[in-house]
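Participant: So here's start_38.txt, just compact mmCIF, C-alpha atoms and all ligand atoms:
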# COMPACT_ATOMS: atom_id res chain seq x y z
CA MET A 161 30.25 -8.87 2.87
CA PRO A 162 29.37 -11.05 -0.15
CA THR A 163 31.94 -13.71 -1.02
CA VAL A 164 31.33 -13.43 -4.76
CA ILE A 165 30.58 -10.22 -6.62
CA LEU A 166 30.02 -9.94 -10.36
CA GLU A 167 29.98 -6.30 -11.40
CA GLU A 168 28.45 -5.38 -14.75
CA ILE A 169 30.01 -8.30 -16.57
CA TRP A 170 30.07 -8.43 -20.36
CA HIS A 171 31.37 -11.45 -22.19
CA TYR A 172 31.50 -12.52 -25.83
CA TYR A 173 32.51 -15.80 -27.43
CA SER A 174 34.62 -15.72 -30.62
CA ARG A 175 35.32 -12.04 -30.16
CA GLY A 176 37.07 -10.47 -33.13
CA THR A 177 35.51 -12.93 -35.59
CA PRO A 178 32.30 -12.79 -37.62
CA LEU A 179 30.92 -15.45 -35.23
CA LYS A 180 31.08 -13.11 -32.23
CA THR A 181 28.30 -14.04 -29.77
CA LEU A 182 27.24 -11.92 -26.83
CA SER A 183 26.90 -14.28 -23.85
CA LEU A 184 26.69 -11.97 -20.82
CA ALA A 185 25.24 -8.47 -21.05
CA GLY A 186 26.14 -6.35 -18.04
CA LEU A 187 25.31 -9.00 -15.46
CA ASN A 188 25.37 -8.15 -11.74
CA LEU A 189 25.35 -10.91 -9.14
CA LYS A 190 26.25 -11.27 -5.49
CA ILE A 191 26.55 -14.42 -3.42
CA SER A 192 26.88 -14.22 0.33
CA LYS A 193 28.81 -16.57 2.58
CA GLY A 194 26.83 -19.73 3.20
CA GLU A 195 24.15 -18.90 0.64
CA PHE A 196 22.74 -21.42 -1.87
CA LEU A 197 21.94 -19.61 -5.09
CA ALA A 198 20.30 -21.25 -8.10
CA LEU A 199 20.91 -19.98 -11.62
CA VAL A 200 18.08 -20.84 -13.98
CA GLY A 201 17.00 -19.80 -17.45
CA PRO A 202 16.44 -21.18 -20.93
CA THR A 203 19.17 -22.91 -22.86
CA GLY A 204 21.78 -20.42 -24.08
CA SER A 205 20.88 -17.82 -21.43
CA GLY A 206 24.45 -17.75 -20.08
CA LYS A 207 24.42 -19.99 -16.99
CA SER A 208 27.54 -22.03 -17.83
CA THR A 209 29.33 -18.86 -18.92
CA VAL A 210 28.64 -17.24 -15.54
CA LEU A 211 29.92 -20.28 -13.63
CA GLN A 212 33.14 -20.39 -15.66
CA HIS A 213 33.80 -16.78 -14.68
CA LEU A 214 33.90 -17.70 -11.00
CA ASN A 215 37.19 -19.61 -11.06
CA GLY A 216 38.88 -17.55 -13.75
CA LEU A 217 38.38 -20.11 -16.52
CA LEU A 218 36.75 -17.23 -18.39
CA LEU A 219 37.53 -13.56 -17.79
CA PRO A 220 35.01 -10.78 -18.42
CA HIS A 221 35.57 -8.47 -21.38
CA ARG A 222 34.10 -5.66 -19.34
CA GLY A 223 33.28 -5.49 -15.63
CA ARG A 224 34.89 -7.38 -12.75
CA VAL A 225 34.56 -10.62 -10.83
CA LEU A 226 35.62 -10.37 -7.19
CA ILE A 227 36.13 -13.43 -4.99
CA ASN A 228 36.64 -12.49 -1.36
CA GLY A 229 37.42 -8.98 -2.59
CA LYS A 230 40.10 -10.11 -5.08
CA ASP A 231 39.81 -9.61 -8.84
CA THR A 232 39.99 -12.77 -11.00
CA ARG A 233 42.06 -10.77 -13.50
CA ASP A 234 44.84 -10.40 -10.95
CA LYS A 235 47.52 -12.86 -12.16
CA ARG A 236 49.01 -13.36 -8.67
CA PHE A 237 45.59 -14.34 -7.35
CA ARG A 238 44.59 -16.57 -10.26
CA LYS A 239 46.91 -19.41 -9.24
CA SER A 240 45.12 -19.91 -5.91
CA LEU A 241 41.63 -19.44 -7.37
CA TRP A 242 41.09 -23.13 -8.15
CA SER A 243 41.23 -24.04 -4.45
CA LEU A 244 38.94 -21.14 -3.43
CA VAL A 245 36.26 -21.79 -6.03
CA GLY A 246 35.49 -25.40 -6.89
CA LEU A 247 33.90 -25.67 -10.34
CA VAL A 248 32.03 -28.83 -11.24
CA MET A 249 31.41 -28.58 -14.96
CA GLN A 250 28.54 -30.25 -16.76
CA TYR A 251 29.28 -34.01 -17.23
CA PRO A 252 32.46 -33.77 -15.09
CA GLU A 253 32.98 -37.55 -15.20
CA ARG A 254 34.04 -37.12 -18.83
CA GLN A 255 37.15 -35.47 -17.46
CA PHE A 256 38.35 -38.23 -15.13
CA PHE A 257 42.06 -38.71 -15.74
CA GLU A 258 43.29 -40.92 -12.88
CA GLU A 259 43.25 -44.69 -12.55
CA THR A 260 41.56 -45.03 -9.18
CA VAL A 261 38.90 -43.22 -7.19
CA PHE A 262 41.50 -42.43 -4.51
CA GLN A 263 43.87 -40.83 -7.04
CA GLU A 264 41.05 -38.86 -8.60
CA VAL A 265 39.73 -37.45 -5.32
CA SER A 266 43.20 -36.84 -3.85
CA PHE A 267 44.37 -34.75 -6.81
CA GLY A 268 43.38 -31.43 -5.21
CA PRO A 269 44.80 -32.10 -1.72
CA ARG A 270 48.05 -33.40 -3.30
CA ASN A 271 48.39 -30.10 -5.14
CA LEU A 272 47.83 -28.23 -1.91
CA GLY A 273 50.97 -29.93 -0.57
CA LEU A 274 49.27 -31.74 2.31
CA THR A 275 50.79 -34.74 4.12
CA ASP A 276 49.73 -38.30 3.21
CA GLU A 277 47.70 -38.53 6.40
CA GLU A 278 45.90 -35.24 5.70
CA ILE A 279 45.28 -36.29 2.10
CA GLU A 280 43.65 -39.56 3.20
CA GLN A 281 41.50 -37.67 5.67
CA ARG A 282 40.39 -35.24 2.96
CA VAL A 283 39.51 -38.10 0.59
CA ASN A 284 37.59 -39.84 3.34
CA GLU A 285 35.65 -36.70 4.27
CA ALA A 286 34.86 -35.79 0.65
CA LEU A 287 33.63 -39.29 -0.25
CA SER A 288 31.51 -39.44 2.94
CA MET A 289 30.01 -36.08 2.06
CA VAL A 290 28.74 -37.52 -1.23
CA GLY A 291 27.58 -40.75 0.42
CA LEU A 292 30.35 -42.95 -1.03
CA ASP A 293 32.19 -44.03 2.09
CA ARG A 294 32.86 -47.69 1.20
CA LYS A 295 36.61 -48.08 1.73
CA ASN A 296 36.85 -50.77 -0.97
CA LEU A 297 35.95 -48.08 -3.50
CA TRP A 298 39.29 -46.32 -3.19
CA GLU A 299 41.21 -48.64 -5.49
CA VAL A 300 38.44 -49.04 -8.05
CA SER A 301 38.65 -47.34 -11.43
CA PRO A 302 36.21 -44.40 -11.55
CA PHE A 303 35.11 -45.67 -14.96
CA ALA A 304 33.85 -48.91 -13.37
CA LEU A 305 31.17 -47.05 -11.38
CA SER A 306 27.56 -46.28 -12.30
CA GLY A 307 26.79 -42.90 -13.87
CA GLY A 308 25.38 -41.49 -10.63
CA GLU A 309 28.38 -42.71 -8.63
CA GLN A 310 30.78 -41.22 -11.17
CA ARG A 311 29.04 -37.88 -10.79
CA ARG A 312 29.45 -38.09 -7.00
CA VAL A 313 33.15 -38.96 -7.34
CA ALA A 314 33.56 -35.88 -9.56
CA LEU A 315 31.86 -33.78 -6.89
CA ALA A 316 34.07 -35.30 -4.17
CA SER A 317 37.20 -34.51 -6.17
CA VAL A 318 36.28 -30.82 -6.01
CA LEU A 319 35.17 -30.96 -2.36
CA SER A 320 38.46 -32.49 -1.23
CA ALA A 321 40.20 -29.14 -1.84
CA LYS A 322 37.67 -27.60 0.60
CA PRO A 323 36.70 -24.61 -1.57
CA GLY A 324 34.74 -21.81 0.13
CA VAL A 325 32.69 -21.36 -3.03
CA LEU A 326 31.21 -24.22 -4.99
CA ALA A 327 29.99 -23.66 -8.57
CA LEU A 328 27.93 -26.54 -9.96
CA ASP A 329 26.83 -26.71 -13.58
CA GLU A 330 23.66 -28.83 -13.78
CA PRO A 331 24.88 -31.39 -11.23
CA THR A 332 21.98 -33.81 -11.79
CA ALA A 333 21.75 -33.60 -15.61
CA GLY A 334 21.71 -37.02 -17.22
CA VAL A 335 21.59 -38.91 -13.91
CA ASP A 336 18.78 -41.41 -13.14
CA PRO A 337 16.24 -40.57 -10.36
CA ALA A 338 18.04 -42.64 -7.70
CA GLY A 339 21.36 -40.97 -8.53
CA ARG A 340 19.71 -37.58 -8.56
CA LYS A 341 18.34 -38.15 -5.09
CA LYS A 342 21.82 -39.07 -3.77
CA ILE A 343 23.38 -35.98 -5.34
CA ASN A 344 20.68 -33.74 -3.89
CA GLU A 345 21.24 -35.31 -0.47
CA ALA A 346 24.94 -34.52 -0.77
CA LEU A 347 24.15 -30.92 -1.73
CA ALA A 348 21.74 -30.57 1.20
CA ARG A 349 24.50 -31.85 3.52
CA LEU A 350 26.91 -29.31 2.08
CA LYS A 351 24.40 -26.53 2.54
CA ALA A 352 23.97 -27.51 6.18
CA GLU A 353 27.76 -27.20 6.63
CA GLN A 354 28.34 -23.66 7.68
CA GLY A 355 30.09 -21.26 5.42
CA VAL A 356 30.17 -22.90 1.98
CA SER A 357 28.62 -20.68 -0.67
CA ILE A 358 26.97 -22.66 -3.45
CA ILE A 359 25.89 -21.50 -6.87
CA MET A 360 24.17 -24.11 -9.00
CA SER A 361 22.72 -23.94 -12.49
CA SER A 362 19.79 -26.23 -13.16
CA HIS A 363 16.92 -26.99 -15.50
CA ASN A 364 15.20 -28.97 -12.74
CA MET A 365 12.90 -26.62 -10.86
CA ASP A 366 12.03 -29.26 -8.26
CA ASP A 367 15.72 -29.54 -7.31
CA VAL A 368 15.97 -25.75 -7.19
CA ALA A 369 12.87 -25.39 -5.01
CA LYS A 370 14.23 -28.01 -2.60
CA LEU A 371 17.79 -26.73 -2.28
CA ALA A 372 18.12 -23.04 -3.05
CA ASP A 373 17.66 -20.00 -0.84
CA ARG A 374 17.59 -17.57 -3.71
CA VAL A 375 17.01 -17.85 -7.47
CA VAL A 376 18.35 -15.75 -10.32
CA VAL A 377 16.57 -16.11 -13.65
CA LEU A 378 18.74 -15.34 -16.68
CA LYS A 379 17.67 -14.57 -20.19
CA GLU A 380 20.03 -13.59 -22.99
CA GLY A 381 22.87 -12.91 -20.59
CA SER A 382 21.13 -10.74 -18.05
CA THR A 383 18.89 -11.12 -15.02
CA ILE A 384 15.14 -10.90 -15.60
CA LEU A 385 14.00 -11.98 -12.16
CA GLU A 386 15.69 -12.49 -8.83
CA GLY A 387 14.51 -13.26 -5.33
CA GLY A 388 13.73 -15.86 -2.72
CA VAL A 389 12.48 -19.21 -4.04
CA ARG A 390 8.84 -18.55 -3.11
CA GLN A 391 8.92 -15.04 -4.52
CA VAL A 392 10.29 -16.27 -7.85
CA PHE A 393 8.21 -19.43 -8.30
CA TYR A 394 4.99 -17.59 -7.45
CA ASN A 395 5.63 -14.94 -10.09
CA TYR A 396 3.70 -16.96 -12.69
CA PRO A 397 3.75 -14.43 -15.55
CA LEU A 398 7.53 -13.97 -15.46
CA ILE A 399 8.21 -17.68 -15.01
CA GLU A 400 6.14 -18.28 -18.13
CA LYS A 401 7.87 -15.46 -20.00
CA ALA A 402 11.24 -17.02 -19.15
CA GLY A 403 10.00 -20.35 -20.52
CA LEU A 404 10.54 -22.15 -17.20
CA ARG A 405 8.55 -24.96 -15.67
CA LEU A 406 7.15 -24.64 -12.16
CA PRO A 407 8.23 -26.95 -9.35
CA PHE A 408 5.52 -29.62 -8.89
CA PRO A 409 4.02 -28.15 -5.65
CA ALA A 410 3.81 -24.64 -7.17
CA HIS A 411 2.18 -26.11 -10.28
CA MET A 412 -0.41 -27.90 -8.11
CA ALA A 413 -1.10 -24.70 -6.17
CA GLN A 414 -1.62 -22.85 -9.45
CA ARG A 415 -4.10 -25.53 -10.61
CA LEU A 416 -5.99 -25.30 -7.31
CA ASN A 417 -6.18 -21.52 -7.56
CA GLU A 418 -7.37 -21.70 -11.18
CA ALA A 419 -10.09 -24.12 -10.07
CA GLY A 420 -11.31 -21.50 -7.60
CA PHE A 421 -9.75 -22.90 -4.43
CA SER A 422 -7.36 -20.91 -2.33
CA ALA A 423 -4.01 -22.66 -1.80
CA GLY A 424 -2.42 -20.08 0.47
CA GLY A 425 1.11 -19.86 1.86
CA ARG A 426 2.96 -20.43 -1.44
CA PRO A 427 3.65 -24.17 -0.98
CA LEU A 428 6.98 -25.42 -2.37
CA THR A 429 7.50 -28.80 -0.71
CA MET A 430 5.40 -31.95 -0.97
CA ASP A 431 4.43 -31.61 2.72
CA GLU A 432 3.26 -28.04 2.16
CA ILE A 433 1.14 -28.88 -0.90
CA GLU A 434 -0.38 -31.83 0.98
CA ASP A 435 -1.39 -29.41 3.74
CA SER A 436 -2.88 -27.02 1.17
CA ILE A 437 -4.90 -29.84 -0.41
CA SER A 438 -6.18 -30.92 3.02
CA ASP A 439 -7.20 -27.31 3.71
CA VAL A 440 -9.01 -27.11 0.37
CA LEU A 441 -10.83 -30.39 1.05
CA SER A 442 -11.92 -29.19 4.47
CA GLN A 443 -13.23 -25.93 2.92
CA ARG A 444 -15.69 -27.93 0.79
N1 LIG B 1 32.31 -22.13 -26.72
C1 LIG B 1 31.40 -21.32 -27.24
N2 LIG B 1 31.61 -20.71 -28.43
C2 LIG B 1 30.71 -19.86 -28.98
N3 LIG B 1 29.53 -19.55 -28.38
C3 LIG B 1 29.27 -20.13 -27.21
C4 LIG B 1 30.17 -21.05 -26.57
N4 LIG B 1 29.63 -21.46 -25.41
C5 LIG B 1 28.45 -20.82 -25.31
N5 LIG B 1 28.21 -20.01 -26.39
C6 LIG B 1 27.04 -19.16 -26.60
O1 LIG B 1 26.94 -18.27 -25.47
C7 LIG B 1 25.61 -18.14 -25.02
C8 LIG B 1 25.49 -18.59 -23.58
O2 LIG B 1 25.77 -19.98 -23.51
P1 LIG B 1 25.82 -20.82 -22.17
O3 LIG B 1 26.42 -22.13 -22.51
O4 LIG B 1 26.47 -20.03 -21.10
O5 LIG B 1 24.26 -20.99 -21.83
P2 LIG B 1 23.54 -21.93 -20.76
O6 LIG B 1 22.55 -21.08 -20.06
O7 LIG B 1 24.56 -22.62 -19.94
O8 LIG B 1 22.76 -22.98 -21.67
P3 LIG B 1 22.34 -24.51 -21.37
O9 LIG B 1 21.12 -24.45 -20.49
O10 LIG B 1 22.04 -25.08 -22.71
O11 LIG B 1 23.50 -25.20 -20.69
C9 LIG B 1 24.76 -18.94 -26.03
O12 LIG B 1 24.31 -18.06 -27.01
C10 LIG B 1 25.74 -19.95 -26.59
O13 LIG B 1 25.38 -20.33 -27.89
MG MG B 2 25.03 -24.64 -19.66
Give the structure from the file, written as structure tokens.
Facilitator:
Amino acid sequence: MPTVILEEIWHYYSRGTPLKTLSLAGLNLKISKGEFLALVGPTGSGKSTVLQHLNGLLLPHRGRVLINGKDTRDKRFRKSLWSLVGLVMQYPERQFFEETVFQEVSFGPRNLGLTDEEIEQRVNEALSMVGLDRKNLWEVSPFALSGGEQRRVALASVLSAKPGVLALDEPTAGVDPAGRKKINEALARLKAEQGVSIIMSSHNMDDVAKLADRVVVLKEGSTILEGGVRQVFYNYPLIEKAGLRLPFPAHMAQRLNEAGFSAGGRPLTMDEIEDSISDVLSQR
């Protein structure tokens, strides 16, 4: 059974005012246990709004959001939602509020009422997961770190509560290429861990092609295309209609095909496109 179900969700901002904006228009979405789903689409298409519905930060005006079968509108359930669904908002490091990395990352486990020993173990595990396992980091101020490290601390502070569902809003936005690589490595490690469901919004199609199992393309608050990564990124007309860029390997394959060569097999990784180019060269 899917872990997350969004049933015909409608949502408006500034409802009841002249500024009322429709943000989600009857959206349906399901995420299965252990699945990595990417949410893509032009700016304003509703990605952040969807993610904020997953932990009850926003509630739908029509339709329902079910997490493990429970409705986010249910007040009794809402209190425990934060530990079930970890939401990493865009630029999460802007919301640091503790003095040290340890305090920041231990906030969740402390609220779960764990023992000191368990809390330290959680902090250790979460920081290792994001590739920040230097012990001398614990007493450092999170603000003293580089931008990419801050982003990973923010991710660790959600991971330390061990949520079954992880919602990430553009986790690599504004991070330099080295930092981006580290974050993607952390996400790949998380994906390899059994059971965590991940839903990530992104404008970076190369990240999406590398990490996701399935892609949902949003436009104006509803889904215009949905499927496996290869199925979506090889639907050129719809990708263009949605105003999205192609991942680099898919773009190369398109160029080869336009030039009259056949790049078969829908390459999506650098290794795959290298193979396609070798094939093309050997055809000549
Ligand atoms: N706080 C808000 N108040 C009013 N309207 C909002 C608010 N937040 C978002 N909107 C509007 O809701 C719609 C969906 O916005 P949302 O932020 O979910 O899009 P997005 O896909 O995350 O965009 P981006 O790629 O720029 O992050 C847009 O029309 C946006 O202008
Ligand atoms: Mg957004």
Participant: For ligand MG 2 (chain B), which residue out of A:Gln281, A:Thr332, A:Ser362, A:Ser174 is the nearest one, using all atoms listed in the file?
Facilitator: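 Under the stated criterion, the closest residue is A:Ser362.
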Participant: Neighbouring residues of range 239-249 of chain A were defined as those with any atom within 9 Å, considering only C-alpha atoms; residues of the same chain fewer than 3 positions away were excluded. Please report them as a list in words.
Facilitator: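 So the residues in contact are Ser208, Leu211, Gln212, Leu214, Asn215, Gly216, Ile227, Thr232, Lys235, Arg236, Pro252, Gly268, Leu272, Ala314, Leu315, Val318, Leu319, Ala321, Lys322, Pro323, Gly324, Val325, Leu326, Ala327, Leu328, Asp329, Glu330 and Pro331 of chain A.
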Participant: I'd like the interatomic distance between CA of Lys295 in chain A and CA of Glu353 in chain A, to a tenth of an Å.
Facilitator: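 Atom-to-atom, CA of Lys295 in chain A and CA of Glu353 in chain A are spaced 23.2 Å apart.
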Participant: Write out, as a Markdown table, each residue of chain A that has an atom at most 10 Å from ligand LIG 1 (chain B), together with the closest pair of atoms and their distance in Å to one decimal, counting all atoms listed in the file, rows going by chain and rising number.
Facilitator:
| residue | atom | partner | partner_atom | distance |
| --- | --- | --- | --- | --- |
| A:His171 | CA | B:LIG1 | O1 | 8.8 |
| A:Tyr172 | CA | B:LIG1 | O1 | 7.3 |
| A:Tyr173 | CA | B:LIG1 | C2 | 4.7 |
| A:Ser174 | CA | B:LIG1 | C2 | 5.9 |
| A:Arg175 | CA | B:LIG1 | C2 | 9.2 |
| A:Leu179 | CA | B:LIG1 | C2 | 7.7 |
| A:Lys180 | CA | B:LIG1 | C2 | 7.5 |
| A:Thr181 | CA | B:LIG1 | N3 | 5.8 |
| A:Leu182 | CA | B:LIG1 | O1 | 6.5 |
| A:Ser183 | CA | B:LIG1 | C7 | 4.2 |
| A:Leu184 | CA | B:LIG1 | C8 | 7.3 |
| A:Leu199 | CA | B:LIG1 | O6 | 8.7 |
| A:Val200 | CA | B:LIG1 | O6 | 7.6 |
| A:Gly201 | CA | B:LIG1 | O6 | 6.3 |
| A:Pro202 | CA | B:LIG1 | O9 | 5.7 |
| A:Thr203 | CA | B:LIG1 | O9 | 3.4 |
| A:Gly204 | CA | B:LIG1 | O5 | 3.4 |
| A:Ser205 | CA | B:LIG1 | O6 | 3.9 |
| A:Gly206 | CA | B:LIG1 | O4 | 3.2 |
| A:Lys207 | CA | B:LIG1 | O6 | 3.8 |
| A:Ser208 | CA | B:LIG1 | O7 | 3.7 |
| A:Thr209 | CA | B:LIG1 | O4 | 3.8 |
| A:Val210 | CA | B:LIG1 | O4 | 6.6 |
| A:Leu211 | CA | B:LIG1 | O4 | 8.2 |
| A:Gln212 | CA | B:LIG1 | O4 | 8.6 |
| A:Gln250 | CA | B:LIG1 | O11 | 8.1 |
| A:Asp329 | CA | B:LIG1 | O7 | 7.9 |
| A:Glu330 | CA | B:LIG1 | O11 | 7.8 |
| A:Ala333 | CA | B:LIG1 | O11 | 10.0 |
| A:Ser361 | CA | B:LIG1 | O7 | 7.8 |
| A:Ser362 | CA | B:LIG1 | O9 | 7.7 |
| A:His363 | CA | B:LIG1 | O9 | 7.0 |
| A:Leu378 | CA | B:LIG1 | O6 | 7.7 |
| A:Lys379 | CA | B:LIG1 | O6 | 8.1 |
| A:Glu380 | CA | B:LIG1 | O12 | 7.4 |
| A:Gly381 | CA | B:LIG1 | C8 | 6.9 |
Participant: Show me the residues close to (28.0, -21.1, 0.6) - anything with an atom within 10 Å, counting all atoms listed in the file - and format the list as a list in words.
Facilitator: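 With a cut-off of 10 Å, the residues come to Thr163, Val164, Ile191, Ser192, Lys193, Gly194, Glu195, Phe196, Leu197, Pro323, Gly324, Val325, Leu326, Ala327, Leu350, Lys351, Ala352, Glu353, Gln354, Gly355, Val356, Ser357, Ile358 and Ile359 of chain A.
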Participant: With distances taken over only C-alpha atoms and all ligand atoms, which of A:Met360, A:Phe303, A:Arg238, A:Lys190 is nearest to ligand MG 2 (chain B)?
Facilitator: A:Met360
Participant: I'd like the contact shell of Glu280 in chain A - 10 Å cut-off, only C-alpha atoms, skipping same-chain residues fewer than 2 positions apart - returned as a short mmCIF file (atom, residue, chain, number, x, y, z; two decimals) with C-alpha atoms, keeping the file's coordinate frame.
Facilitator:
data_model
loop_
_atom_site.label_atom_id
_atom_site.label_comp_id
_atom_site.auth_asym_id
_atom_site.auth_seq_id
_atom_site.Cartn_x
_atom_site.Cartn_y
_atom_site.Cartn_z
CA PHE A 262 41.50 -42.43 -4.51
CA VAL A 265 39.73 -37.45 -5.32
CA SER A 266 43.20 -36.84 -3.85
CA PRO A 269 44.80 -32.10 -1.72
CA ARG A 270 48.05 -33.40 -3.30
CA LEU A 274 49.27 -31.74 2.31
CA THR A 275 50.79 -34.74 4.12
CA ASP A 276 49.73 -38.30 3.21
CA GLU A 277 47.70 -38.53 6.40
CA GLU A 278 45.90 -35.24 5.70
CA ARG A 282 40.39 -35.24 2.96
CA VAL A 283 39.51 -38.10 0.59
CA ASN A 284 37.59 -39.84 3.34
CA GLU A 285 35.65 -36.70 4.27
CA ALA A 286 34.86 -35.79 0.65
CA SER A 320 38.46 -32.49 -1.23
#
Participant: With a cut-off of 9 Å, could you pull out the residues of range 324-435 of chain A touching range 308-311 of chain A and give me the nearest pair of atoms for each, distance in Å to one decimal, using all atoms listed in the file, ordered by chain and ascending number, as JSON lines?
Facilitator:
{"residue": "A:Pro331", "atom": "CA", "partner": "A:Arg311", "partner_atom": "CA", "distance": 7.7}
{"residue": "A:Thr332", "atom": "CA", "partner": "A:Arg311", "partner_atom": "CA", "distance": 8.2}
{"residue": "A:Gly334", "atom": "CA", "partner": "A:Gly308", "partner_atom": "CA", "distance": 8.8}
{"residue": "A:Val335", "atom": "CA", "partner": "A:Gly308", "partner_atom": "CA", "distance": 5.6}
{"residue": "A:Asp336", "atom": "CA", "partner": "A:Gly308", "partner_atom": "CA", "distance": 7.1}
{"residue": "A:Ala338", "atom": "CA", "partner": "A:Gly308", "partner_atom": "CA", "distance": 8.0}
{"residue": "A:Gly339", "atom": "CA", "partner": "A:Gly308", "partner_atom": "CA", "distance": 4.6}
{"residue": "A:Arg340", "atom": "CA", "partner": "A:Gly308", "partner_atom": "CA", "distance": 7.2}
{"residue": "A:Lys342", "atom": "CA", "partner": "A:Gly308", "partner_atom": "CA", "distance": 8.1}
{"residue": "A:Ile343", "atom": "CA", "partner": "A:Gly308", "partner_atom": "CA", "distance": 7.9}
Participant: Any idea what the distance is between CA of Ala372 in chain A and CA of Arg390 in chain A?
Facilitator: 10.3 Å
Participant: Tell me which protein, DNA and RNA residues are within 12 Å of range 396-401 of chain A, counting only C-alpha atoms, leaving out same-chain ones fewer than 2 positions away, and put them as number ranges by chain.
Facilitator: A: 200-202, 365, 375-379, 383-386, 389-394, 403-407, 410-411, 413-415, 426
Participant: Please measure the separation of CA of Glu264 in chain A and CA of Glu345 in chain A, giving the value in Å to one decimal.
Facilitator: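 The value is 21.7 Å.
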Participant: Determine the nearest neighbour of ligand MG 2 (chain B) from the options A:Gly186, A:Tyr251, A:Asp367, A:Arg233, counting all atoms listed in the file.
Facilitator: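 Nearest to ligand MG 2 (chain B): A:Tyr251.
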Participant: So which residues touch Leu187 in chain A within 6 Å, counting all atoms listed in the file, skipping near sequence neighbours fewer than 4 positions away, as a PyMOL selection string?
Facilitator: chain A and resi 168-169+382
Participant: Taking all atoms of range 251-262 of chain A that appear in the file, build a box with edges along x, y and z, extend it by 3 Å on every side, and state its centre and edge lengths in Å to one decimal, as JSON.
Facilitator:
{"center_x": 36.3, "center_y": -39.4, "center_z": -11.7, "size_x": 20.0, "size_y": 17.3, "size_z": 20.3}
